[in-house]
Amino acid sequence: MRLDRFLSNLPRFNRQQVRTLLASGRLRVDGNVTRDPHHKVRIFSRVELDEETLQTGHAARYLMLHKPPGCVSATDDPEHPTVLDLIDEPARHELHIAGRLDFNTSGLLLLTNDGQWSRRLTQPASKLAKVYLVETEQPIEAHYIDTFRQGLYFAFENLTTQPAELTLLGPRTARLSLVEGRYHQVKRMFGHFQNKVLRLHRESIGPLPLDRQLAPGAYRALTAPELLSLSEPAGPEQEKG
């Protein structure tokens, strides 16, 4: 929230005191003096008045998880285990999922407490390709490739999907790269050909592949270079996956 609103929410300050404090130069956010009432204060921002700490903040967390099948991409579920049940971290309840996976889909999942980062990562304008390994019930025919590249019309949303790249790997296996995350999108795309998806595994998001050392259910923090790679604008090769 804005710094002036953050201060106003503290019972010790009224509006006039907030204005005075902002003009005084006595406030610091993450170690930097600010007089800007619009300065953003996040849950992991440290806010100080002189030598007093008004908010200690929490460390920003960015985690890579190898999601196993049979696990819900949610923070709470009355019937099934959730991905948060796999996380053994302080304040894990503050984490949320940046790009969900279906119940029986496995692979790369990102969790964070940074809402701005996850929104930027998941919005269509980011053009981050999500790459999936797909196994189907029936043979995957070559003409799927052109159909996926042209886009498929989804009547429920009244839209045509953005171009997706399909690479055949075997009679019933393929690699699919797309930049969207519509509801059950991969299954619906193959369903257009009455071909059921039996196994779906997300291998990468943009330039970030799933760490092959991570067993299903295991997780680790993203490295600084990995975070930087996800923050860079998508180029032509990245968009294609």
# chains A, B, ... in the order shown; residues from 1 in each chain; ligands from 1
$ residues_around --residues "Leu22 of chain A" --least-positions-apart "3" --cutoff "10 Å" --atoms "only C-alpha atoms" --output "list in words"
Leu3, Asp4, Leu7, Gln17, Val18, Arg19, Gly25, Arg26, Leu27, Arg28, Val33, Thr34, Arg35, Asp36 and Pro37 of chain A
$ closest_residue --among "A:Gly57, A:Pro90, A:Pro225, A:Pro124" --to "Gly181 of chain A" --atoms "only C-alpha atoms"
A:Pro124
$ residues_around --residues "segment 151-160 of chain A" --least-positions-apart "3" --cutoff "12 Å" --atoms "only C-alpha atoms" --output "MDAnalysis selection string"
chainID A and resid 144:148 163:166 178:180 182:186 188:193
$ closest_atom_pairs --of "segment 36-70 of chain A" --to "segment 215-224 of chain A" --cutoff "8 Å" --atoms "only C-alpha atoms" --output "CSV"
residue,atom,partner,partner_atom,distance
A:Arg61,CA,A:Ala221,CA,7.4
A:Tyr62,CA,A:Leu222,CA,5.7
A:Leu63,CA,A:Ala221,CA,4.4
A:Met64,CA,A:Tyr219,CA,5.4
A:Leu65,CA,A:Tyr219,CA,4.2
A:His66,CA,A:Pro216,CA,5.0
A:Lys67,CA,A:Gly217,CA,5.5
A:Pro68,CA,A:Pro216,CA,5.1
$ closest_residue --among "A:Ala60, A:Leu198, A:Leu169, A:Leu176" --to "Phe44 of chain A" --atoms "only C-alpha atoms"
A:Ala60
$ select_by_dssp --residues "segment 182-230 of chain A" --states "strand (DSSP E or B)" --output "list of chain:residue names"
A:Val197, A:Leu198, A:Arg199, A:Leu200, A:His201, A:Arg202, A:Glu203, A:Ser204, A:Ile205, A:Leu208, A:Pro209, A:Tyr219, A:Arg220, A:Ala221
$ residues_around --residues "Thr56 of chain A" --least-positions-apart "6" --cutoff "9 Å" --atoms "only C-alpha atoms" --output "PyMOL selection string"
chain A and resi 43-48
$ write_last_selection --atoms "N, CA and C atoms" --output "PDB file, in the first residue's frame"
ATOM      1  N   ILE A  43       4.785  -6.108   2.108  1.00  0.00           N
ATOM      2  CA  ILE A  43       4.846  -6.874   3.356  1.00  0.00           C
ATOM      3  C   ILE A  43       6.275  -7.146   3.789  1.00  0.00           C
ATOM      4  N   PHE A  44       7.223  -7.087   2.840  1.00  0.00           N
ATOM      5  CA  PHE A  44       8.605  -7.314   3.218  1.00  0.00           C
ATOM      6  C   PHE A  44       9.427  -6.029   3.207  1.00  0.00           C
ATOM      7  N   SER A  45       8.734  -4.877   3.245  1.00  0.00           N
ATOM      8  CA  SER A  45       9.435  -3.594   3.373  1.00  0.00           C
ATOM      9  C   SER A  45       9.721  -3.295   4.844  1.00  0.00           C
ATOM     10  N   ARG A  46      10.911  -2.790   5.110  1.00  0.00           N
ATOM     11  CA  ARG A  46      11.258  -2.346   6.454  1.00  0.00           C
ATOM     12  C   ARG A  46      11.001  -0.841   6.538  1.00  0.00           C
ATOM     13  N   VAL A  47      10.157  -0.434   7.496  1.00  0.00           N
ATOM     14  CA  VAL A  47       9.783   0.976   7.639  1.00  0.00           C
ATOM     15  C   VAL A  47      10.275   1.468   8.992  1.00  0.00           C
ATOM     16  N   GLU A  48      11.019   2.576   8.972  1.00  0.00           N
ATOM     17  CA  GLU A  48      11.609   3.109  10.206  1.00  0.00           C
ATOM     18  C   GLU A  48      11.303   4.591  10.358  1.00  0.00           C
TER      19      GLU A  48
END
